[in-house]
Each structure stands twice: as C-alpha cells, then as structure tokens.
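Heads up: the structure comes next, in structure tokens.
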Amino acid sequence: MSSYLISGGRKLYGHLNVQGSKNAVLPIIAASLLYEGVTVIRGCPDILDVWYMVEILTSIGCDIVWKEDELRIDASEIAFEHLSRECVGKMRSSILLLGAAIGRCRHVVLDYPGGCTIGKRPVDIHLKSLEKMGVHITEQDGVICCEAEGLTGAEIFLPYPSVGATENLMMAAVMADGVTWICNAAKEPEIVDLASFLEKMGVMIFGAGTERIGILGKCHLKHTEYRVMGDRIVAGTYLLAAAGAGGEIELSGVDVQSIRSLLHICETMGCQVRITDRGIGLKSTRRLFSVKDIHTRPFPGFPTDLQPQLMAVLAGARGESEIYEHIFENRFRTAEELGRMGADIQIKNNRAVIRGVERLSGCHVFAKDLRGGASLVIAGLMAEGDTIVENSIFVERGYQDICKDLTQLGADIKVINGK
Ligand code: UD1
C-alpha cells in the first residue's frame with residue numbers, strides 16, 4: 001500500500017489549473033450508453049473511479065479508447081445483464097449505470113450496493129422513482145432485478161434531492177415516452193453539467209439547476225463531443241490547503257458559483273478571496289478565525305465532500321468551531337486521525353466541536369475514505385514535522401495527482417511505498 005510523506009510548515013504559492021470533475025464525469029460516462037455509437041468526453045480526470053467505470057463499460061461490450069484527457073466510448077453494441085457485487089462494491093457510483101442501462105437494455109440485474117465507509121447510502125429513492133416510470137423491480141437475497149417493457153414519462157417527486165437518483169432518472173427519461181418531470185430534484189452543478197451533455201446529445205431538457213427538471217424522451221440522439229466541468233471539490237480542497245498552510249494561490253478551470261458557500265466560509269475564517277481573470281485567488285496568513293454553525297447541505301449549501309478538509313483547517317484556527325453533518329452519518333471518522341496529530345475535536349451524533357490548537361504535529365495517520373484522506377493531507381501540510389498518510393489509494397479515487405499539484409504550489413509531499 002502506498003502512502004504520502006508530507007513535511008509540514010511550508011506555505012503554498014502559485015497557480016494551478018484544476019482537473020475535470022469526478023462527480024460530473026462519472027454520470028456523463030454512464031449517459032454515453034444511451035447513444036448507439038461513439039461519444040467523446042474531454043477533460044476526463046485520470047482517477048481510479050474513472051478506471052473502474054471504464055472497466056465496467058468494457059465488460060458490457062463498449063469499445064473504449066482513453067488518450068490523455070479524452071475518452072472515446074463506442075457503445076454501438078452492449079449487453080447489460082448483471083452488475084455484480086464486485087463492481088458495485090468497488091465503486092458506489094456504478095449505481096449511476098442503472099438509469100441508462102434500463103433505458104437502453106430494458107433488463108438489468110444488480111447486487112444490492114452494500115454499506116460504504118462514509119454511511120449507509122441506500123438506493124430506495126432511485127428504485128421507487130424508476131418504478132413510477134414503468135420499471136418492474138424485485139429484490140431478493142440482496143439482488144435487485146429491474147425489468148421494463150417500455151418506459152413512460154411521469155411526474156416524480158423525490159422525498160430528498162438525491163444527486164444520484166436525479167441523475168439516474170434524467171438518463172432513464174431520455175428513453176421514455178413523453179415528458180418526465182423530476183420535482184425536488186438535486187440542483188448540484190454536476191446535474192447541470194449532465195443536462196448540458198444530454199442537450200448536446202440532442203435531448204430536450206429544461207430546468208436543470210432548479211428543483212424541477214423536465215426531460216422529453218425519445219429525442220433523436222446524435223454523436224456528441226463534450227468537455228466536463230472543472231472539479232469544484234478538488235478546487236475547494238486546494239483552497240482549504242492554502243487557507244490552512246498559509247500563502248497565496250490562484251486556481252483556474254473552476255466555476256466560482258460552484259463553490260460560493262466555501263468561499264464565504266474562507267472569508268469568515270479571515271482569508272482574502274478574490275475573483276481573478278483566470279479564476280479564484282486566495283490569500284491566507286495561516287492563523288485563522290473559528291467558524292460556528294457550519295451545516296453540510298445539498299447545493300447551494302456547503303458540500304459534504306469538503307467537510308473533512310474544512311475540519312482539518314479549523315483544527316488550527318483560533319477558538320471554537322462547530323460543524324453539523326447532515327448528509328452522511330460516518331463523515332466524521334477523520335476526526336480521530338486528526339486527534340492523533342493534536343487536534344481537539346469532540347463529536348456527538350452529527351455535531352463536531354473543534355477547538356483550534358496552535359500547531360498540529362506530524363505523525364502516522366490512516367486515510368479511511370477519499371475526502372477524509374484529503375483532509376489528512378491538508379493537516380500534514382499545516383503540521384510541524386513529518387506526517388505519513390497511509391492508504392493513499394483512497395485519495396487516488398478522486399485526485400488525479402495530488403502530490404504533483406501540491407508540489408507545484410510549493411508543498412513538500414511525495415508518495416512512498418509501505419510494506
Ligand atoms: C452525495 C452528495 C454529493 C456528493 C456525492 C459523493 C449531497 C446531497 N449528495 O451524492 O454532493 O458529491 O455524495 O460524495 O450532498 N439517500 C437515500 N436514498 C436514496 C438515495 C440517497 O436515503 O435512494 C440519502 C443518502 O443516504 C444521503 C442523502 O440521501 O443521506 C444524499 O444522497 P445522494 O445525494 O443520493 O448521494 P450521492 O448521489 O452519492
């Protein structure tokens with residue numbers, strides 16, 4: 001298993017162009033299955049989750065060429081039958097294949113996606129909503145069987161604005177008769193990116209980015225070439241790294257509106273944020289103010305995917321901060337590892353109280369999930385001395401080359417091989 005070795009205490013300076021978005025590219029890759037031909041996706045990040053997705057698509061008959069940041073997917077002939085636990089377990093996002101697969105093949109069997117390290121992550125909203133479009137679903141012994149003779153457009157109200165369910169429904173709706181309305185839909189920027197992709201493919205789609213999305217099914221689909229949006233979570237991670245370690249950085253390739261909630265928190269902590277010609281600039285003196293009452297929420301609220309990274313930064317801020325996690329129940333697990341580095345964090349249910357300390361101390365810590373791993377990397381940059389973050393494989397699921405990026409900004413970080 002590989003790890004990161006970080007020598008802390010260096011400020012970050014310089015400019016960086018942010019990689020393409022993981023949470024946008026995965027559903028877009030899934031949506032390429034809707035078209036019986038070739039689709040080209042650019043800005044594709046070279047990360048483990050994309051590799052897993054490519055592996056699954058290849059196994060069902062797609063012909064895929066991946067060159068630099070360009071993915072060329074030929075889905076002319078596919079046969080989709082059983083999505084095994086091996087696939088679903090490796091990458092939770094494989095559930096995103098459901099909508100497109102039913103739309104295209106009408107019959108899909110998948111093993112129930114089990115628990116995940118950041119929480120239970122059920123799929124009931126996905127399944128109940130698909131049933132409203134005419135999909136017949138049976139569940140037995142952990143296997144979900146979906147069958148549809150024909151899909152029909154419907155008005156579907158989501159009990160929660162689930163990102164994955166909204167994406168699955170958008171894709172299934174492309175193949176349905178008539179119009180599908182998704183009410184209380186997720187409004188995340190990645191939903192808007194998927195809608196832009198589908199629109200380019202020829203689909204008539206309205207209201208993406210609002211709580212009511214309409215999709216006209218059975219439009220004539222065509223060959224599409226599309227560039228995915230920049231990764232707002234990667235951008236947020238690097239902005240938080242600079243906030244915690246100090247320095248001045250500028251990021252390009254990311255939409256400012258997509259991380260407004262984070263920029264607001266950075267300003268409250270005492271960082272200077274500026275919108276530049278190229279993107280976003282952030283300057284930090286390192287010793288920041290605490291922030292009370294941070295709540296993770298669906299977009300445009302503060303994203304759960306940046307919560308662990310923010311926690312690392314607040315661990316070194318002056319005074320007492322408070323974070324409430326409302327999306328995933330196990331997203332505070334990194335607090336324990338931060339505690340080994342000297343952070344003072346008390347967790348009770350979904351509330352974390354963080355009392356800032358003067359300095360974190362480098363030590364040996366263990367990443368348990370993707371964003372938690374990124375949080376430990378930030379803590380390592382802030383800390384005195386050396387930090388080893390074990391299980392870098394988690395971080396590689398979402399960051400193309402975090403060592404290269406942070407080194408470019410002046411950090412001292414490298415990959416080392418463990419036992
Ligand atoms: C979630 C995040 C998304 C993030 C992604 C990867 C939100 C709203 N969603 O998307 O921003 O990028 O993880 O970390 O922040 N739920 C159900 N039943 C379902 C589906 C979801 O109860 O069928 C619950 C989940 O347990 C969770 C909440 O709804 O508490 C949000 O889930 P959802 O948005 O679907 O998760 P992802 O699509 O994975």
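Convention: chains lettered A, B, ... in structure tokens order; per-chain residue numbering from 1; ligands numbered from 1 as shown.
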
Selection: 12 Å around Leu360 of chain A, only C-alpha atoms, excl. self and same-chain fewer than 6 positions, as a PyMOL selection string: chain A and resi 8-9+244-245+312-317+337-344+376+378-387

Distance query Gly301 of chain A at most 12 Å, only C-alpha atoms, self and fewer than 4 positions along chain excluded, as a ChimeraX atom specification: /A:186-189,257-265,294-297,305-307,325-327

Hey, which bits of chain A sit within 9 Å of ligand 1, and for each residue what's the closest pair of atoms and how far apart in Å (one decimal), counting only C-alpha atoms and all ligand atoms, rows by chain and increasing number, as JSON lines?
{"residue": "A:Lys22", "atom": "CA", "partner": "ligand 1", "partner_atom_place_in_ligand_line": "12 (O)", "distance": 8.7}
{"residue": "A:Asn23", "atom": "CA", "partner": "ligand 1", "partner_atom_place_in_ligand_line": "12 (O)", "distance": 5.9}
{"residue": "A:Ala24", "atom": "CA", "partner": "ligand 1", "partner_atom_place_in_ligand_line": "12 (O)", "distance": 9.0}
{"residue": "A:Arg92", "atom": "CA", "partner": "ligand 1", "partner_atom_place_in_ligand_line": "39 (O)", "distance": 7.7}
{"residue": "A:Ser93", "atom": "CA", "partner": "ligand 1", "partner_atom_place_in_ligand_line": "39 (O)", "distance": 7.2}
{"residue": "A:Leu96", "atom": "CA", "partner": "ligand 1", "partner_atom_place_in_ligand_line": "38 (O)", "distance": 8.5}
{"residue": "A:Ile118", "atom": "CA", "partner": "ligand 1", "partner_atom_place_in_ligand_line": "14 (O)", "distance": 8.5}
{"residue": "A:Gly119", "atom": "CA", "partner": "ligand 1", "partner_atom_place_in_ligand_line": "26 (O)", "distance": 7.0}
{"residue": "A:Lys120", "atom": "CA", "partner": "ligand 1", "partner_atom_place_in_ligand_line": "26 (O)", "distance": 6.0}
{"residue": "A:Arg121", "atom": "CA", "partner": "ligand 1", "partner_atom_place_in_ligand_line": "26 (O)", "distance": 4.0}
{"residue": "A:Pro122", "atom": "CA", "partner": "ligand 1", "partner_atom_place_in_ligand_line": "18 (N)", "distance": 4.5}
{"residue": "A:Val123", "atom": "CA", "partner": "ligand 1", "partner_atom_place_in_ligand_line": "23 (O)", "distance": 3.2}
{"residue": "A:Asp124", "atom": "CA", "partner": "ligand 1", "partner_atom_place_in_ligand_line": "23 (O)", "distance": 3.9}
{"residue": "A:Ile125", "atom": "CA", "partner": "ligand 1", "partner_atom_place_in_ligand_line": "23 (O)", "distance": 3.5}
{"residue": "A:His126", "atom": "CA", "partner": "ligand 1", "partner_atom_place_in_ligand_line": "23 (O)", "distance": 4.9}
{"residue": "A:Leu127", "atom": "CA", "partner": "ligand 1", "partner_atom_place_in_ligand_line": "23 (O)", "distance": 7.1}
{"residue": "A:Lys128", "atom": "CA", "partner": "ligand 1", "partner_atom_place_in_ligand_line": "23 (O)", "distance": 8.3}
{"residue": "A:Pro159", "atom": "CA", "partner": "ligand 1", "partner_atom_place_in_ligand_line": "22 (O)", "distance": 8.7}
{"residue": "A:Tyr160", "atom": "CA", "partner": "ligand 1", "partner_atom_place_in_ligand_line": "29 (O)", "distance": 6.2}
{"residue": "A:Pro161", "atom": "CA", "partner": "ligand 1", "partner_atom_place_in_ligand_line": "8 (C)", "distance": 6.4}
{"residue": "A:Ser162", "atom": "CA", "partner": "ligand 1", "partner_atom_place_in_ligand_line": "34 (O)", "distance": 3.5}
{"residue": "A:Val163", "atom": "CA", "partner": "ligand 1", "partner_atom_place_in_ligand_line": "34 (O)", "distance": 3.8}
{"residue": "A:Gly164", "atom": "CA", "partner": "ligand 1", "partner_atom_place_in_ligand_line": "38 (O)", "distance": 3.4}
{"residue": "A:Ala165", "atom": "CA", "partner": "ligand 1", "partner_atom_place_in_ligand_line": "35 (O)", "distance": 5.8}
{"residue": "A:Thr166", "atom": "CA", "partner": "ligand 1", "partner_atom_place_in_ligand_line": "35 (O)", "distance": 8.0}
{"residue": "A:Glu167", "atom": "CA", "partner": "ligand 1", "partner_atom_place_in_ligand_line": "38 (O)", "distance": 8.1}
{"residue": "A:Ala186", "atom": "CA", "partner": "ligand 1", "partner_atom_place_in_ligand_line": "8 (C)", "distance": 7.1}
{"residue": "A:Lys187", "atom": "CA", "partner": "ligand 1", "partner_atom_place_in_ligand_line": "8 (C)", "distance": 9.0}
{"residue": "A:Glu188", "atom": "CA", "partner": "ligand 1", "partner_atom_place_in_ligand_line": "11 (O)", "distance": 7.1}
{"residue": "A:Glu190", "atom": "CA", "partner": "ligand 1", "partner_atom_place_in_ligand_line": "12 (O)", "distance": 8.5}
{"residue": "A:Ile233", "atom": "CA", "partner": "ligand 1", "partner_atom_place_in_ligand_line": "12 (O)", "distance": 8.2}
{"residue": "A:Thr296", "atom": "CA", "partner": "ligand 1", "partner_atom_place_in_ligand_line": "15 (O)", "distance": 7.5}
{"residue": "A:Arg297", "atom": "CA", "partner": "ligand 1", "partner_atom_place_in_ligand_line": "15 (O)", "distance": 6.1}
{"residue": "A:Pro298", "atom": "CA", "partner": "ligand 1", "partner_atom_place_in_ligand_line": "8 (C)", "distance": 4.2}
{"residue": "A:Phe299", "atom": "CA", "partner": "ligand 1", "partner_atom_place_in_ligand_line": "15 (O)", "distance": 7.0}
{"residue": "A:Gly301", "atom": "CA", "partner": "ligand 1", "partner_atom_place_in_ligand_line": "15 (O)", "distance": 8.7}
{"residue": "A:Phe302", "atom": "CA", "partner": "ligand 1", "partner_atom_place_in_ligand_line": "15 (O)", "distance": 8.5}
{"residue": "A:Pro303", "atom": "CA", "partner": "ligand 1", "partner_atom_place_in_ligand_line": "15 (O)", "distance": 5.8}
{"residue": "A:Thr304", "atom": "CA", "partner": "ligand 1", "partner_atom_place_in_ligand_line": "15 (O)", "distance": 5.6}
{"residue": "A:Asp305", "atom": "CA", "partner": "ligand 1", "partner_atom_place_in_ligand_line": "14 (O)", "distance": 5.5}
{"residue": "A:His326", "atom": "CA", "partner": "ligand 1", "partner_atom_place_in_ligand_line": "30 (O)", "distance": 7.2}
{"residue": "A:Ile327", "atom": "CA", "partner": "ligand 1", "partner_atom_place_in_ligand_line": "30 (O)", "distance": 4.2}
{"residue": "A:Phe328", "atom": "CA", "partner": "ligand 1", "partner_atom_place_in_ligand_line": "30 (O)", "distance": 5.0}
{"residue": "A:Glu329", "atom": "CA", "partner": "ligand 1", "partner_atom_place_in_ligand_line": "30 (O)", "distance": 7.5}
{"residue": "A:Leu370", "atom": "CA", "partner": "ligand 1", "partner_atom_place_in_ligand_line": "14 (O)", "distance": 8.7}
{"residue": "A:Arg371", "atom": "CA", "partner": "ligand 1", "partner_atom_place_in_ligand_line": "14 (O)", "distance": 8.3}

Residues within 9 Å of Gly253 of chain A, only C-alpha atoms, excluding chain neighbours under 6 positions, as a list in words: Leu16, Asn17, Val18, Gln19, Gly20, Met229, Gly230, Asp231, Ala235, Arg278 and Gly279 of chain A

For N, CA, C and O atoms, I'd like the residues from the last selection saved as a PDB file, in the first residue's frame.
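Okay, result12.pdb is ready:
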ATOM      1  N   LEU A  16      -2.628  27.099 -10.385  1.00  0.00           N
ATOM      2  CA  LEU A  16      -2.904  25.703 -10.758  1.00  0.00           C
ATOM      3  C   LEU A  16      -4.190  25.637 -11.561  1.00  0.00           C
ATOM      4  O   LEU A  16      -5.152  26.330 -11.244  1.00  0.00           O
ATOM      5  N   ASN A  17      -4.190  24.790 -12.584  1.00  0.00           N
ATOM      6  CA  ASN A  17      -5.414  24.547 -13.341  1.00  0.00           C
ATOM      7  C   ASN A  17      -6.050  23.268 -12.786  1.00  0.00           C
ATOM      8  O   ASN A  17      -5.372  22.248 -12.674  1.00  0.00           O
ATOM      9  N   VAL A  18      -7.319  23.360 -12.447  1.00  0.00           N
ATOM     10  CA  VAL A  18      -7.966  22.254 -11.742  1.00  0.00           C
ATOM     11  C   VAL A  18      -8.417  21.148 -12.713  1.00  0.00           C
ATOM     12  O   VAL A  18      -8.889  21.430 -13.815  1.00  0.00           O
ATOM     13  N   GLN A  19      -8.296  19.908 -12.304  1.00  0.00           N
ATOM     14  CA  GLN A  19      -8.689  18.740 -13.129  1.00  0.00           C
ATOM     15  C   GLN A  19     -10.198  18.723 -13.405  1.00  0.00           C
ATOM     16  O   GLN A  19     -10.979  19.409 -12.736  1.00  0.00           O
ATOM     17  N   GLY A  20     -10.599  17.893 -14.341  1.00  0.00           N
ATOM     18  CA  GLY A  20     -12.020  17.707 -14.637  1.00  0.00           C
ATOM     19  C   GLY A  20     -12.719  17.030 -13.456  1.00  0.00           C
ATOM     20  O   GLY A  20     -12.094  16.337 -12.662  1.00  0.00           O
ATOM     21  N   MET A 229     -16.993  19.761 -16.725  1.00  0.00           N
ATOM     22  CA  MET A 229     -16.672  20.925 -15.886  1.00  0.00           C
ATOM     23  C   MET A 229     -15.464  20.640 -14.977  1.00  0.00           C
ATOM     24  O   MET A 229     -15.100  19.480 -14.757  1.00  0.00           O
ATOM     25  N   GLY A 230     -14.855  21.707 -14.468  1.00  0.00           N
ATOM     26  CA  GLY A 230     -13.748  21.550 -13.523  1.00  0.00           C
ATOM     27  C   GLY A 230     -14.260  21.022 -12.191  1.00  0.00           C
ATOM     28  O   GLY A 230     -15.431  21.186 -11.856  1.00  0.00           O
ATOM     29  N   ASP A 231     -13.377  20.394 -11.438  1.00  0.00           N
ATOM     30  CA  ASP A 231     -13.779  19.734 -10.198  1.00  0.00           C
ATOM     31  C   ASP A 231     -13.825  20.722  -9.032  1.00  0.00           C
ATOM     32  O   ASP A 231     -12.789  21.151  -8.519  1.00  0.00           O
ATOM     33  N   ALA A 235     -10.890  21.782  -6.329  1.00  0.00           N
ATOM     34  CA  ALA A 235     -10.558  23.199  -6.164  1.00  0.00           C
ATOM     35  C   ALA A 235     -10.715  23.605  -4.702  1.00  0.00           C
ATOM     36  O   ALA A 235      -9.837  24.241  -4.117  1.00  0.00           O
ATOM     37  N   ARG A 278      -8.386  34.736 -14.296  1.00  0.00           N
ATOM     38  CA  ARG A 278      -8.237  33.305 -14.578  1.00  0.00           C
ATOM     39  C   ARG A 278      -9.131  32.427 -13.695  1.00  0.00           C
ATOM     40  O   ARG A 278      -9.359  31.271 -13.990  1.00  0.00           O
ATOM     41  N   GLY A 279      -9.581  32.952 -12.572  1.00  0.00           N
ATOM     42  CA  GLY A 279     -10.391  32.102 -11.695  1.00  0.00           C
ATOM     43  C   GLY A 279     -10.540  32.659 -10.296  1.00  0.00           C
ATOM     44  O   GLY A 279     -11.062  33.741 -10.094  1.00  0.00           O
TER      45      GLY A 279
END

Residue list (helix (DSSP H, G or I), DSSP) for segment 175-328 of chain A, as a count of residues only: 51

Who sits within 9 Å of Ala411 of chain A, only C-alpha atoms, same chain under 4 positions skipped, as a PyMOL selection string: chain A and resi 6-13+381+403+405-407

Contacts of segment 333-335 of chain A within 7 Å, only C-alpha atoms, excl. fewer than 4 positions in-chain, as JSON, numbers by chain: {"A": [308, 339, 345, 372]}

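Coordinates place atom CA of Arg359 of chain A at a distance of 15.5 Å from atom CA of Ala242 of chain A.
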
Secondary structure check, strand (DSSP E or B) residues of segment 51-226 of chain A, as an NGL selection string: :A and (63-67 or 70-74 or 82-83 or 107-111 or 116 or 119 or 136-140 or 143-147 or 152 or 155-157 or 177 or 179-183 or 204-206 or 208 or 210 or 212-216 or 224-226)

Those residues with C-alpha atoms, as a PDB file, in the first residue's frame please?
ATOM      1  CA  ASP A  63     -15.080  -0.193 -27.075  1.00  0.00           C
ATOM      2  CA  ILE A  64     -13.126   2.486 -25.208  1.00  0.00           C
ATOM      3  CA  VAL A  65     -10.005   4.435 -26.129  1.00  0.00           C
ATOM      4  CA  TRP A  66      -8.575   6.689 -23.414  1.00  0.00           C
ATOM      5  CA  LYS A  67      -5.861   9.075 -24.571  1.00  0.00           C
ATOM      6  CA  GLU A  70     -10.015  12.270 -23.882  1.00  0.00           C
ATOM      7  CA  LEU A  71     -12.292   9.274 -23.544  1.00  0.00           C
ATOM      8  CA  ARG A  72     -13.789   7.854 -26.751  1.00  0.00           C
ATOM      9  CA  ILE A  73     -16.628   5.465 -25.972  1.00  0.00           C
ATOM     10  CA  ASP A  74     -18.214   3.317 -28.663  1.00  0.00           C
ATOM     11  CA  HIS A  82     -25.677  -8.493 -14.117  1.00  0.00           C
ATOM     12  CA  LEU A  83     -23.825  -5.790 -12.206  1.00  0.00           C
ATOM     13  CA  HIS A 107     -33.405  -5.595 -18.235  1.00  0.00           C
ATOM     14  CA  VAL A 108     -30.757  -5.143 -15.546  1.00  0.00           C
ATOM     15  CA  VAL A 109     -29.808  -7.191 -12.520  1.00  0.00           C
ATOM     16  CA  LEU A 110     -27.560  -5.765  -9.848  1.00  0.00           C
ATOM     17  CA  ASP A 111     -26.311  -6.830  -6.457  1.00  0.00           C
ATOM     18  CA  CYS A 116     -19.974   2.242   2.412  1.00  0.00           C
ATOM     19  CA  GLY A 119     -22.517   5.894   5.533  1.00  0.00           C
ATOM     20  CA  HIS A 136     -40.776  -3.506 -12.570  1.00  0.00           C
ATOM     21  CA  ILE A 137     -38.396  -4.078  -9.668  1.00  0.00           C
ATOM     22  CA  THR A 138     -37.988  -7.158  -7.499  1.00  0.00           C
ATOM     23  CA  GLU A 139     -35.486  -7.595  -4.703  1.00  0.00           C
ATOM     24  CA  GLN A 140     -34.415 -10.988  -3.404  1.00  0.00           C
ATOM     25  CA  VAL A 143     -30.122  -8.901  -5.729  1.00  0.00           C
ATOM     26  CA  ILE A 144     -32.200  -6.221  -7.460  1.00  0.00           C
ATOM     27  CA  CYS A 145     -33.862  -7.186 -10.706  1.00  0.00           C
ATOM     28  CA  CYS A 146     -35.166  -4.381 -12.952  1.00  0.00           C
ATOM     29  CA  GLU A 147     -37.318  -5.011 -15.961  1.00  0.00           C
ATOM     30  CA  THR A 152     -43.197   6.085 -19.640  1.00  0.00           C
ATOM     31  CA  GLU A 155     -44.111  13.363 -12.731  1.00  0.00           C
ATOM     32  CA  ILE A 156     -41.843  12.167  -9.960  1.00  0.00           C
ATOM     33  CA  PHE A 157     -41.425  13.858  -6.595  1.00  0.00           C
ATOM     34  CA  ASP A 177     -42.292   8.008 -23.965  1.00  0.00           C
ATOM     35  CA  VAL A 179     -42.113  14.082 -20.747  1.00  0.00           C
ATOM     36  CA  THR A 180     -40.694  13.247 -17.330  1.00  0.00           C
ATOM     37  CA  TRP A 181     -40.759  15.883 -14.596  1.00  0.00           C
ATOM     38  CA  ILE A 182     -38.411  15.458 -11.662  1.00  0.00           C
ATOM     39  CA  CYS A 183     -39.645  17.549  -8.713  1.00  0.00           C
ATOM     40  CA  MET A 204     -34.740  18.414 -24.875  1.00  0.00           C
ATOM     41  CA  ILE A 205     -34.256  19.194 -21.213  1.00  0.00           C
ATOM     42  CA  PHE A 206     -35.447  22.117 -19.093  1.00  0.00           C
ATOM     43  CA  ALA A 208     -31.544  21.714 -14.670  1.00  0.00           C
ATOM     44  CA  THR A 210     -33.621  24.237 -10.341  1.00  0.00           C
ATOM     45  CA  ARG A 212     -37.974  20.966 -11.284  1.00  0.00           C
ATOM     46  CA  ILE A 213     -36.345  19.315 -14.274  1.00  0.00           C
ATOM     47  CA  GLY A 214     -38.271  18.331 -17.408  1.00  0.00           C
ATOM     48  CA  ILE A 215     -36.960  15.841 -19.973  1.00  0.00           C
ATOM     49  CA  LEU A 216     -38.608  14.994 -23.268  1.00  0.00           C
ATOM     50  CA  THR A 224     -21.520  14.138 -29.025  1.00  0.00           C
ATOM     51  CA  GLU A 225     -18.177  15.633 -28.064  1.00  0.00           C
ATOM     52  CA  TYR A 226     -18.220  17.232 -24.651  1.00  0.00           C
TER      53      TYR A 226
END

Residue neighbourhood Gly61 of chain A, 9 Å, only C-alpha atoms, exclusion window fewer than 3 positions, as number ranges by chain: A: 57-58, 74-80

Nearby residues (only C-alpha atoms) at most 7 Å from segment 31-33 of chain A, same-chain spacing under 4 positions excluded, as JSON, numbers by chain: {"A": [27, 39, 75, 100, 171]}

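Separating atom CA of Val174 of chain A from atom CA of Trp51 of chain A is a distance of 25.6 Å.
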
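Here atom CA of Ile275 of chain A stands at a distance of 18.7 Å from atom CA of Leu409 of chain A.
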